[in-house]
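*Asks:* mmCIF, C-alpha atoms, saved as run-v2.cif, coming up:
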data_run
#
loop_
_atom_site.label_atom_id
_atom_site.label_comp_id
_atom_site.auth_asym_id
_atom_site.auth_seq_id
_atom_site.Cartn_x
_atom_site.Cartn_y
_atom_site.Cartn_z
CA MET A 1 18.70 -23.10 113.83
CA ILE A 2 15.06 -22.19 114.61
CA HIS A 3 15.07 -19.49 111.94
CA LEU A 4 16.43 -22.01 109.40
CA ILE A 5 13.62 -24.49 110.13
CA ASN A 6 11.00 -21.74 109.78
CA PHE A 7 12.53 -20.72 106.47
CA PHE A 8 12.20 -24.26 105.00
CA LEU A 9 8.66 -24.54 106.31
CA ILE A 10 7.71 -21.36 104.52
CA LEU A 11 9.42 -22.54 101.31
CA PHE A 12 7.64 -25.93 101.43
CA GLY A 13 4.34 -24.21 102.14
CA GLN A 14 4.83 -21.92 99.15
CA ALA A 15 5.73 -24.87 96.95
CA GLU A 16 2.64 -26.80 98.01
CA GLU A 17 0.45 -23.85 97.21
CA ASN A 18 2.00 -23.48 93.74
CA THR A 19 1.57 -27.21 92.86
CA GLU A 20 -1.99 -27.54 94.15
CA VAL A 21 -4.35 -28.85 91.41
CA GLY A 22 -8.07 -28.11 90.98
CA GLY A 23 -8.15 -24.92 93.01
CA SER A 24 -9.75 -21.85 91.48
CA ILE A 25 -8.34 -18.32 91.52
CA GLU A 26 -11.25 -17.07 93.61
CA ASP A 27 -10.70 -19.78 96.26
CA GLU A 28 -6.98 -18.93 96.43
CA ASP A 29 -7.73 -15.23 96.94
CA GLU A 30 -10.22 -15.99 99.70
CA GLY A 31 -8.01 -18.45 101.58
CA SER A 32 -4.73 -16.56 101.51
CA ASP A 33 -3.37 -13.06 102.11
CA ASP A 34 -2.17 -10.53 99.56
CA PRO A 35 0.71 -12.10 97.57
CA ASN A 36 2.67 -8.83 97.57
CA LEU A 37 2.50 -8.73 101.35
CA ARG A 38 3.59 -12.34 101.61
CA GLN A 39 6.50 -11.63 99.28
CA LEU A 40 7.60 -8.66 101.39
CA GLU A 41 7.49 -10.76 104.55
CA LEU A 42 9.52 -13.48 102.88
CA SER A 43 12.13 -10.98 101.69
CA ALA A 44 12.44 -9.48 105.16
CA PHE A 45 12.84 -12.93 106.68
CA ARG A 46 15.54 -13.85 104.15
CA ALA A 47 17.47 -10.64 104.89
CA GLN A 48 17.32 -11.29 108.64
CA TRP A 49 18.38 -14.91 108.17
CA MET A 50 21.34 -13.94 106.02
CA SER A 51 22.48 -11.32 108.55
CA GLU A 52 22.47 -13.96 111.29
CA LEU A 53 24.50 -16.38 109.17
CA LYS A 54 27.28 -13.82 108.67
CA PRO A 55 30.28 -14.31 111.03
CA SER A 56 30.22 -11.92 113.97
CA GLY A 57 33.07 -10.39 115.96
CA GLY A 58 33.38 -13.08 118.61
CA ALA A 59 32.63 -11.70 122.05
CA SER A 60 30.95 -8.60 120.67
CA GLY A 61 28.49 -10.71 118.71
CA THR A 62 27.73 -12.79 121.78
CA SER A 63 27.14 -9.67 123.86
CA ASP A 64 24.82 -8.26 121.16
CA ARG A 65 22.76 -11.44 121.20
CA LEU A 66 22.56 -11.22 124.99
CA LEU A 67 21.53 -7.55 124.92
CA GLN A 68 18.71 -8.15 122.45
CA PRO A 69 16.35 -9.84 124.99
CA LYS A 70 17.11 -7.12 127.55
CA GLY A 71 16.27 -4.33 125.10
CA LEU A 72 13.09 -6.15 124.10
CA LYS A 73 12.02 -6.50 127.74
CA ARG A 74 12.75 -2.81 128.41
CA THR A 75 10.64 -1.81 125.44
CA GLN A 76 7.79 -4.00 126.62
CA ASP A 77 7.94 -2.41 130.09
CA ILE A 78 7.78 1.08 128.60
CA VAL A 79 4.79 0.20 126.45
CA ARG A 80 3.04 -1.46 129.39
CA GLU A 81 3.66 1.59 131.62
CA GLU A 82 2.35 4.00 128.97
CA LYS A 83 -0.82 1.96 128.61
CA ALA A 84 -1.27 1.79 132.40
CA THR A 85 -0.79 5.55 132.65
CA GLU A 86 -3.45 6.13 130.03
CA LEU A 87 -5.89 3.85 131.85
CA PHE A 88 -5.15 5.44 135.22
CA LEU A 89 -5.77 8.97 133.91
CA ARG A 90 -8.98 7.77 132.30
CA ALA A 91 -10.05 6.37 135.67
CA VAL A 92 -9.34 9.71 137.35
CA GLN A 93 -11.53 11.50 134.81
CA GLU A 94 -14.36 9.02 135.30
CA GLU A 95 -14.13 9.40 139.08
CA GLN A 96 -14.29 13.19 138.87
CA SER A 97 -17.30 13.03 136.58
CA GLY A 98 -19.13 10.78 139.06
CA ALA A 99 -18.85 7.44 137.25
CA VAL A 100 -17.35 5.52 140.13
CA TYR A 101 -18.05 2.06 138.69
CA GLU A 102 -16.26 2.88 135.43
CA ALA A 103 -13.40 4.44 137.37
CA ILE A 104 -12.90 1.27 139.40
CA LYS A 105 -12.80 -0.78 136.20
CA PHE A 106 -10.07 1.40 134.68
CA TYR A 107 -8.14 1.50 137.97
CA ARG A 108 -8.13 -2.31 138.07
CA MET A 109 -6.95 -2.59 134.47
CA ALA A 110 -4.12 -0.09 135.07
CA MET A 111 -2.92 -1.86 138.23
CA GLN A 112 -2.98 -5.23 136.48
CA LEU A 113 -0.47 -3.88 133.98
CA VAL A 114 1.71 -1.98 136.50
CA PRO A 115 0.87 -2.60 140.18
CA ASP A 116 2.57 0.58 141.43
CA ILE A 117 1.39 2.88 138.63
CA GLU A 118 -0.07 5.27 141.21
CA PHE A 119 3.44 6.21 142.36
CA LYS A 120 5.06 6.21 138.89
CA ILE A 121 2.47 8.32 137.14
CA ASN A 122 3.34 11.80 135.92
CA TYR A 123 0.18 13.88 135.81
CA SER A 124 -0.27 15.92 132.67
CA ARG A 125 -3.24 17.86 131.39
CA PRO A 126 -5.26 15.82 128.84
CA PRO A 127 -6.19 17.39 125.47
CA ASP A 128 -9.88 17.61 126.40
CA ALA A 129 -9.27 19.34 129.76
CA ASP A 130 -11.00 22.50 128.53
CA ARG A 131 -14.18 20.49 127.94
CA GLY A 132 -14.64 19.57 131.57
CA GLY A 133 -11.78 17.14 132.23
CA GLY A 134 -9.44 17.34 135.20
CA ASN A 135 -6.49 19.68 135.24
CA TYR A 136 -3.29 17.80 136.01
CA ASP A 137 -0.30 20.02 135.71
CA ILE A 138 1.91 18.58 138.40
CA ASP A 139 5.44 17.52 137.60
CA GLY A 140 7.66 17.50 140.65
CA ASP A 141 7.79 20.50 142.97
CA ILE A 142 5.73 23.57 142.11
CA GLU A 143 7.74 26.75 142.38
CA ASP A 144 4.84 29.22 142.46
CA LEU A 145 2.11 27.43 144.37
CA LEU A 146 0.00 30.58 144.69
CA ASN A 147 -0.36 31.06 140.92
CA TYR A 148 -0.99 27.35 140.48
CA PHE A 149 -3.91 27.37 142.95
CA GLU A 150 -5.36 30.51 141.38
CA GLN A 151 -5.26 28.87 137.94
CA GLN A 152 -6.95 25.76 139.29
CA LEU A 153 -9.81 27.72 140.83
CA THR A 154 -10.25 29.70 137.61
CA LEU A 155 -10.36 26.58 135.42
CA GLU A 156 -12.82 24.76 137.65
CA SER A 157 -15.48 27.45 137.50
CA SER A 158 -16.13 30.79 135.88
CA PHE A 159 -17.18 32.10 139.31
CA PRO A 160 -14.66 30.46 141.65
CA LYS A 161 -15.32 30.21 145.37
CA ILE A 162 -12.75 30.39 148.10
CA CYS A 163 -13.60 26.86 149.19
CA THR A 164 -16.36 24.27 148.90
CA PRO A 165 -17.87 22.09 151.67
CA GLU A 166 -16.66 18.51 151.73
CA LEU A 167 -20.00 17.21 153.06
CA GLU A 168 -23.54 18.40 152.55
CA ILE A 169 -24.66 20.71 155.35
CA THR A 170 -27.88 22.56 156.09
CA GLN A 171 -26.24 25.58 157.70
CA MET A 172 -24.39 28.32 155.86
CA HIS A 173 -20.83 27.42 154.92
CA ILE A 174 -17.92 29.82 155.26
CA SER A 175 -17.48 29.74 151.47
CA ALA A 176 -20.70 31.76 151.16
CA LEU A 177 -19.05 34.77 152.79
CA PRO A 178 -17.63 37.52 150.58
CA ARG A 179 -13.89 37.68 150.21
CA GLU A 180 -13.74 41.01 152.08
CA ILE A 181 -15.30 39.49 155.19
CA LEU A 182 -12.95 36.51 155.01
CA MET A 183 -9.96 38.83 154.84
CA TYR A 184 -11.26 40.68 157.89
CA ILE A 185 -11.49 37.35 159.74
CA PHE A 186 -7.91 36.60 158.73
CA ARG A 187 -6.82 39.92 160.22
CA TRP A 188 -8.44 38.89 163.48
CA VAL A 189 -6.48 35.64 163.32
CA VAL A 190 -3.23 37.60 162.98
CA SER A 191 -4.44 40.11 165.61
CA SER A 192 -2.49 43.07 166.93
CA ASP A 193 0.05 40.62 168.39
CA LEU A 194 1.23 39.73 164.85
CA ASP A 195 0.58 36.01 165.20
CA MET A 196 1.77 35.15 161.69
CA ARG A 197 2.30 31.55 162.76
CA ALA A 198 -1.48 31.13 163.09
CA LEU A 199 -1.91 32.62 159.62
CA GLU A 200 0.51 30.08 158.16
CA GLN A 201 -1.37 27.25 159.84
CA LEU A 202 -4.67 28.61 158.51
CA SER A 203 -3.28 28.46 154.98
CA LEU A 204 -3.07 24.66 155.24
CA VAL A 205 -6.86 24.26 155.32
CA CYS A 206 -7.54 24.49 151.58
CA ARG A 207 -6.46 26.20 148.38
CA GLY A 208 -8.71 29.21 148.93
CA PHE A 209 -7.38 29.80 152.45
CA TYR A 210 -3.86 29.47 151.10
CA ILE A 211 -4.56 32.25 148.59
CA CYS A 212 -6.12 34.49 151.27
CA ALA A 213 -3.22 33.89 153.67
CA ARG A 214 -0.79 35.09 150.99
CA ASP A 215 -2.58 38.41 150.58
CA PRO A 216 0.22 41.00 150.28
CA GLU A 217 -1.75 43.66 152.17
CA ILE A 218 -1.75 41.58 155.38
CA TRP A 219 2.00 41.01 155.22
CA ARG A 220 2.61 44.65 154.34
CA SER A 221 0.67 45.76 157.43
CA ALA A 222 2.72 43.38 159.55
CA CYS A 223 5.98 44.81 158.17
CA LEU A 224 4.82 48.36 158.88
CA ARG A 225 4.05 47.41 162.48
CA VAL A 226 7.56 46.04 162.94
CA TRP A 227 9.78 48.49 161.02
CA GLY A 228 7.61 51.60 160.94
CA ARG A 229 6.47 53.91 158.16
CA LYS A 230 9.94 54.06 156.65
CA CYS A 231 9.41 50.53 155.40
CA THR A 232 7.85 51.45 152.04
CA LYS A 233 9.36 48.77 149.78
CA PHE A 234 10.19 45.11 150.23
CA VAL A 235 13.35 45.32 148.10
CA PRO A 236 15.67 43.31 148.04
CA PHE A 237 13.13 40.66 148.99
CA LYS A 238 10.62 39.21 146.54
CA SER A 239 7.50 39.93 148.60
CA TRP A 240 6.29 41.41 151.89
CA ARG A 241 5.95 37.91 153.30
CA GLU A 242 9.54 37.01 152.51
CA MET A 243 10.65 40.29 154.06
CA PHE A 244 8.77 39.56 157.29
CA LEU A 245 10.14 36.02 157.52
CA ARG A 246 13.79 36.73 156.65
CA ARG A 247 14.58 40.24 157.78
CA PRO A 248 16.02 40.25 161.32
CA ARG A 249 13.53 41.32 164.00
CA VAL A 250 12.49 40.51 167.53
CA ARG A 251 9.78 37.97 168.16
CA PHE A 252 6.49 38.72 169.90
CA ASP A 253 5.00 35.27 170.52
CA GLY A 254 7.15 34.51 173.55
CA VAL A 255 9.76 35.85 175.93
CA TYR A 256 13.56 36.12 175.92
CA ILE A 257 15.11 34.57 179.03
CA SER A 258 18.65 34.90 180.40
CA LYS A 259 19.75 32.64 183.23
CA THR A 260 22.74 33.63 185.36
CA SER A 261 24.31 31.62 188.15
CA TYR A 262 27.48 32.08 190.16
CA ILE A 263 29.07 31.06 193.47
CA ARG A 264 29.59 33.68 196.15
CA GLN A 265 31.77 33.34 199.22
CA GLY A 266 29.95 33.76 202.52
CA GLU A 267 31.08 34.92 205.94
CA GLU A 268 33.33 32.88 208.14
CA SER A 269 31.77 30.98 211.05
CA LEU A 270 32.17 32.25 214.61
CA ASP A 271 34.64 29.58 215.53
CA GLY A 272 36.58 30.12 212.30
CA PHE A 273 36.29 26.44 211.42
CA TYR A 274 34.54 26.80 208.05
CA ARG A 275 33.33 29.39 205.56
CA ALA A 276 30.04 29.06 203.68
CA TRP A 277 29.68 29.27 199.89
CA HIS A 278 26.41 30.34 198.29
CA HIS A 279 25.12 29.34 194.88
CA VAL A 280 23.20 32.32 193.49
CA GLU A 281 20.84 31.95 190.54
CA PHE A 282 18.57 34.54 188.93
CA TYR A 283 16.79 35.24 185.66
CA ARG A 284 16.35 38.21 183.35
CA TYR A 285 13.21 38.42 181.19
CA LEU A 286 12.58 40.54 178.10
CA ARG A 287 9.14 40.72 176.51
CA PHE A 288 8.67 42.73 173.30
CA PHE A 289 5.39 44.04 171.89
CA PRO A 290 4.60 45.02 168.29
CA ASP A 291 3.73 48.61 169.25
CA GLY A 292 7.31 49.32 170.39
CA HIS A 293 6.90 48.65 174.12
CA VAL A 294 9.11 46.32 176.12
CA ILE A 295 9.11 45.03 179.68
CA MET A 296 12.18 43.82 181.57
CA LEU A 297 12.33 41.91 184.79
CA THR A 298 15.17 40.59 186.97
CA THR A 299 14.09 38.05 189.57
CA PRO A 300 15.17 34.75 191.14
CA GLU A 301 11.73 33.26 190.45
CA ASP A 302 11.43 30.30 188.11
CA PRO A 303 10.09 30.88 184.55
CA LEU A 304 7.07 28.68 185.22
CA ALA A 305 5.86 31.24 187.75
CA VAL A 306 6.91 34.41 185.92
CA VAL A 307 6.18 33.80 182.23
CA PRO A 308 2.34 33.68 182.52
CA ARG A 309 2.39 37.06 184.28
CA LEU A 310 4.20 38.75 181.40
CA ARG A 311 1.42 38.34 178.86
CA THR A 312 0.41 42.02 179.00
CA ARG A 313 2.09 45.23 180.07
CA ASN A 314 -0.45 45.75 182.85
CA THR A 315 1.24 43.38 185.23
CA ARG A 316 1.29 44.13 188.96
CA MET A 317 4.83 43.03 189.68
CA ASP A 318 6.72 45.72 191.63
CA SER A 319 10.20 45.10 190.24
CA ILE A 320 9.20 45.22 186.59
CA LEU A 321 10.70 47.82 184.23
CA LEU A 322 8.68 49.34 181.37
CA GLY A 323 9.98 51.17 178.33
CA HIS A 324 10.40 51.38 174.56
CA TYR A 325 12.73 49.74 172.08
CA ARG A 326 13.87 50.29 168.50
CA LEU A 327 15.63 48.20 165.88
CA SER A 328 18.78 49.48 164.23
CA GLN A 329 20.70 47.96 161.34
CA GLU A 330 24.28 49.18 161.38
CA THR A 331 26.75 49.37 158.51
CA ASP A 332 28.24 46.03 159.57
CA ASN A 333 24.93 44.37 158.55
CA GLN A 334 24.12 43.48 162.15
CA THR A 335 20.69 44.17 163.61
CA LYS A 336 20.78 45.66 167.09
CA VAL A 337 18.06 46.33 169.63
CA PHE A 338 18.24 49.41 171.84
CA ALA A 339 15.84 49.76 174.76
CA VAL A 340 15.26 52.30 177.52
CA VAL A 341 13.36 51.02 180.56
CA CYS A 342 12.47 52.46 183.94
CA LYS A 343 10.29 51.64 186.92
CA LYS A 344 6.61 52.39 186.90
CA LYS A 345 5.76 55.76 188.34
CA GLU A 346 4.24 55.31 191.75
CA GLU A 347 1.59 57.60 193.11
CA LYS A 348 2.79 59.86 195.87
CA LYS A 349 1.44 58.96 199.26
CA PRO A 350 -0.30 61.75 201.20
CA THR A 351 1.81 63.47 203.82
CA ASN A 352 1.23 62.26 207.36
CA LEU A 353 -0.22 65.09 209.48
CA LYS A 354 1.57 63.91 212.57
CA ASN A 355 4.96 64.49 210.98
CA ARG A 356 4.22 67.79 209.24
CA PHE A 357 6.10 69.81 211.87
CA CYS A 358 9.13 67.51 211.75
CA ARG A 359 12.10 68.96 209.96
CA ARG A 360 13.62 66.48 207.57
CA ASN A 361 15.96 66.75 204.67
CA PRO A 362 14.17 64.79 201.90
CA ALA A 363 16.30 62.99 199.37
CA PRO A 364 16.51 64.79 196.03
CA GLU A 365 13.98 63.47 193.54
CA ALA A 366 15.61 61.60 190.71
CA GLU A 367 14.54 59.38 187.83
CA HIS A 368 16.38 56.15 187.13
CA SER A 369 16.42 54.70 183.64
CA PHE A 370 18.38 51.80 182.22
CA HIS A 371 19.75 51.78 178.68
CA VAL A 372 20.19 48.36 177.15
CA GLY A 373 21.91 47.44 173.88
CA LEU A 374 21.57 43.95 172.42
CA HIS A 375 22.76 42.22 169.27
CA LEU A 376 20.21 40.03 167.45
CA ALA A 377 21.56 36.63 166.42
CA ALA A 378 20.40 33.16 165.44
CA ARG A 379 20.43 30.06 167.59
CA GLY A 380 20.98 27.01 165.44
CA ARG A 381 18.14 26.81 162.93
CA GLN A 382 15.98 29.24 164.89
CA SER A 383 16.18 32.77 163.52
CA PHE A 384 16.05 35.86 165.74
CA SER A 385 16.06 33.74 168.91
CA LYS A 386 19.22 35.01 170.62
CA LEU A 387 20.13 38.41 172.08
CA VAL A 388 23.72 39.16 173.07
CA TRP A 389 24.62 42.01 175.41
CA ILE A 390 26.57 44.90 173.90
CA HIS A 391 25.72 47.73 176.34
CA HIS A 392 24.14 48.32 179.75
CA SER A 393 24.10 51.57 181.68
CA CYS A 394 22.08 53.42 184.34
CA HIS A 395 21.04 57.05 183.85
CA ILE A 396 20.09 59.06 186.94
CA THR A 397 18.44 62.42 186.27
CA TYR A 398 17.92 64.82 189.18
CA LYS A 399 14.76 66.85 188.78
CA LEU A 400 15.93 69.79 190.84
CA THR A 401 19.07 70.57 188.85
CA GLY A 402 18.42 68.60 185.65
CA GLU A 403 21.80 66.95 185.97
CA THR A 404 22.20 63.43 184.56
CA VAL A 405 24.73 60.93 185.88
CA VAL A 406 25.57 57.95 183.68
CA THR A 407 27.00 54.74 185.09
CA SER A 408 28.08 52.07 182.63
CA PHE A 409 28.36 48.45 183.68
CA ASP A 410 31.12 46.11 182.60
CA LEU A 411 29.77 43.24 180.53
CA ASP A 412 31.36 40.30 182.26
CA ARG A 413 30.24 36.70 182.61
CA MET A 414 27.25 37.88 184.62
CA TYR A 415 25.63 39.07 181.40
CA THR A 416 24.62 35.83 179.75
CA PRO A 417 22.74 35.95 176.42
CA PHE A 418 18.96 35.90 176.15
CA PHE A 419 17.33 32.92 174.47
CA PHE A 420 13.82 32.98 173.07
CA ALA A 421 11.07 30.72 174.41
CA ARG A 422 7.74 30.57 172.61
CA VAL A 423 4.66 30.88 174.82
CA LYS A 424 1.40 29.66 173.28
CA SER A 425 -0.81 31.51 175.73
CA TYR A 426 0.48 34.88 174.49
CA THR A 427 -1.32 34.42 171.16
CA ALA A 428 -4.28 32.33 172.33
CA PHE A 429 -6.63 35.33 172.33
CA SER A 430 -7.10 38.23 169.95
CA GLU A 431 -7.88 41.59 171.47
CA GLN A 432 -8.12 43.52 168.19
CA PRO A 433 -7.47 42.85 164.46
CA LEU A 434 -4.34 43.72 162.57
#
Output the file's structure as structure tokens, nothing else.
*Replies:*
Amino acid sequence: MIHLINFFLILFGQAEENTEVGGSIEDEDEGSDDPNLRQLELSAFRAQWMSELKPSGGASGTSDRLLQPKGLKRTQDIVREEKATELFLRAVQEEQSGAVYEAIKFYRMAMQLVPDIEFKINYSRPPDADRGGGNYDIDGDIEDLLNYFEQQLTLESSFPKICTPELEITQMHISALPREILMYIFRWVVSSDLDMRALEQLSLVCRGFYICARDPEIWRSACLRVWGRKCTKFVPFKSWREMFLRRPRVRFDGVYISKTSYIRQGEESLDGFYRAWHHVEFYRYLRFFPDGHVIMLTTPEDPLAVVPRLRTRNTRMDSILLGHYRLSQETDNQTKVFAVVCKKKEEKKPTNLKNRFCRRNPAPEAEHSFHVGLHLAARGRQSFSKLVWIHHSCHITYKLTGETVVTSFDLDRMYTPFFFARVKSYTAFSEQPL
């Protein structure tokens, strides 16, 4: 009905213009639009009016008329969001160029159109980015973050720096150091203890530190320390870093602890009225070092008292066992750890002069060594944090005859698995670089 009224108004207006007397041609041209344009508009309006007057398909026609306002509103929202995105990106460019006042003006205009445009925006590089504009090439997750950061540093300056100071300082900033010196500092961060966790945390400082922390030579050196000179390629992994993080290995930033407890029957009382039962509890500790050394300790002492004393191999505990270990990957795709440990060699005490004339039969000198076999497994989401017993034996070698006696132990419930516990103090200090 509204369209019909508008149609008659236009017709009456056209008729009045045609019957107007005393008007000149020049005045009509100045006071009205192009007649061809008006005729086109009138023809389009007539076609639309006639299409609305045609009978529609009942419910389908009603649904079409209802969908028209929704489609119009959706189109308006899209146009409004595109305009807000353009204003927001313009504000970002102004802010980067130092025009803060202009940036605030464009930010306000963008948020008036779409209040949450900051969270809806999809950054894309503007056409004039090569002429000094910002580089926005972020669309979701970035697969290769290393290449992305390197491209950003290259686009920002022809002589890119590792990092730039956030505030003005009078002293020399770390960004003034050459890259070689920075890499040497990073090797001190990793240290000979292979504290790769500290290297990963250092990469969170800035883009330049992230690039330095992904240096393949550092990760290659770490892999050589763990798997030896035979580790010449990182295949089937994509990089040395991925190989170090995913290939099974023992961990060096803590200690593996096994807790065993059982109940033992005691002796009967003198009157035979009761018999005591004893609850026995003890711990086994395994501490691995990157250079192939390992220390093992069996003691009833609590971990709080023992763990700090296992930081280095030069501990003064009498019952500690020292030795070497090696990693072995069998055909069944299981990584196993084999270790041989023995007691520290004690210095021989001088012979007592008072007893030099006494005839004694000294015990034959023998060396005791323990062979341990463990299977490396995962504990929940923690990789390489569980060691399961697969072998334990004692080898006694007599020096006089060279004979070796091997005693194997049955792996019963007394051999509980080792579980890894990270110790922060083990990597708090660096004694030498990687």
*Asks:* Name the closest residue to Ser408 (chain A) among the candidates A:Val372, A:Met296, A:Leu145, A:Ala198; distances are taken between atoms, counting only C-alpha atoms.
*Replies:*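 Ranked by minimum distance to Ser408 (chain A), first place goes to A:Val372.
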*Asks:* Using only C-alpha atoms, which of A:Leu87, A:Ala421, A:Leu322, A:Leu202 sits nearest Gln112 (chain A)?
*Replies:*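 The answer is A:Leu87, which sits nearest to Gln112 (chain A).
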*Asks:* CA of Phe409 (chain A) to CA of Cys394 (chain A): how many Å, to one decimal?
*Replies:*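 For CA of Phe409 (chain A) relative to CA of Cys394 (chain A), the distance reads 8.0 Å.
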*Asks:* Considering only C-alpha atoms, state which residue in the set A:Gln152, A:Thr407, A:Gln93, A:Gln329 is at the smallest distance from Leu376 (chain A).
*Replies:*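 Closest candidate: A:Gln329.
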*Asks:* Mind checking which residues fall within 9 Å of Ala213 (chain A), counting all atoms listed in the file, ignoring those fewer than 5 positions away in the same chain, and posting them as a PyMOL selection string?
*Replies:* chain A and resi 183+186+199-200+202-203+208+218-219
*Asks:* Interatomic distance between CA of Ile295 (chain A) and CA of Glu431 (chain A)?
*Replies:* 19.2 Å
*Asks:* Of the candidates A:Glu150, A:Glu267, A:Asp412, A:Asp291, which shows the shortest atom-to-atom distance to Cys212 (chain A), using only C-alpha atoms?
*Replies:*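 Between A:Glu150, A:Glu267, A:Asp412, A:Asp291, the residue approaching Cys212 (chain A) most closely is A:Glu150.
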*Asks:* Just the number, please: distance in Å from CA of Phe384 (chain A) to CA of Glu301 (chain A), one decimal.
*Replies:*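 Between these atoms lies a distance of 25.2 Å.
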*Asks:* Name all residues at most 8 Å from Ala222 (chain A) (count all atoms listed in the file; drop same-chain ones fewer than 5 positions away) and give them as a JSON list (two decimals) with C-alpha atoms, in the coordinates of the input.
*Replies:*
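This went into around25.json:
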[["chain", "number", "residue", "atom", "x", "y", "z"],
["A", 194, "LEU", "CA", 1.23, 39.73, 164.85],
["A", 244, "PHE", "CA", 8.77, 39.56, 157.29],
["A", 434, "LEU", "CA", -4.34, 43.72, 162.57]]
*Asks:* With the PyMOL selection byres ((chain A and resi 174) around 12) as the selection, what would be picked from this file? Answer as a PyMOL selection string, please.
*Replies:* chain A and resi 161-166+169+171-173+175-179+181-182+185+208-209
*Asks:* In file coordinates, which residues lie within 8 Å of (19.3, 39.1, 164.7) using all atoms listed in the file, given as a list of chain:residue names?
*Replies:*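 Final list of nearby residues, as requested, is A:Pro248, A:Arg249, A:Val250, A:Gln334, A:Thr335, A:Lys336, A:His375, A:Leu376, A:Ala377, A:Ala378, A:Ser383, A:Phe384, A:Ser385, A:Lys386, A:Leu387.
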*Asks:* Taking the file as I've supplied it (selection: the PyMOL selection byres ((chain A and resi 308) around 12)), which residues are included? Please answer as a tab-separated table (two decimals) with C-alpha atoms, keeping the file's coordinate frame.
*Replies:*
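Writing the result to expr_33.tsv gives the following:
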chain	number	residue	atom	x	y	z
A	254	GLY	CA	7.15	34.51	173.55
A	255	VAL	CA	9.76	35.85	175.93
A	285	TYR	CA	13.21	38.42	181.19
A	287	ARG	CA	9.14	40.72	176.51
A	302	ASP	CA	11.43	30.30	188.11
A	303	PRO	CA	10.09	30.88	184.55
A	304	LEU	CA	7.07	28.68	185.22
A	305	ALA	CA	5.86	31.24	187.75
A	306	VAL	CA	6.91	34.41	185.92
A	307	VAL	CA	6.18	33.80	182.23
A	309	ARG	CA	2.39	37.06	184.28
A	310	LEU	CA	4.20	38.75	181.40
A	311	ARG	CA	1.42	38.34	178.86
A	312	THR	CA	0.41	42.02	179.00
A	313	ARG	CA	2.09	45.23	180.07
A	315	THR	CA	1.24	43.38	185.23
A	422	ARG	CA	7.74	30.57	172.61
A	423	VAL	CA	4.66	30.88	174.82
A	424	LYS	CA	1.40	29.66	173.28
A	425	SER	CA	-0.81	31.51	175.73
A	426	TYR	CA	0.48	34.88	174.49
A	427	THR	CA	-1.32	34.42	171.16
*Asks:* Within 9 Å of (10.7, 44.1, 159.7) in the file's own coordinates, which protein, DNA or RNA residues have an atom, counting only C-alpha atoms? List them as a PyMOL selection string.
*Replies:* chain A and resi 222-228+231+243-250+327
*Asks:* When you look at Asp195 (chain A) with a cut-off of 9 Å (counting only C-alpha atoms), what residues show up, excluding the ones that are within fewer than 4 positions of it in the same chain? I need them as a list in words.
*Replies:*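 The filter keeps Val189, Val190, Ser191, Leu199, Phe252, Asp253 and Thr427 of chain A.
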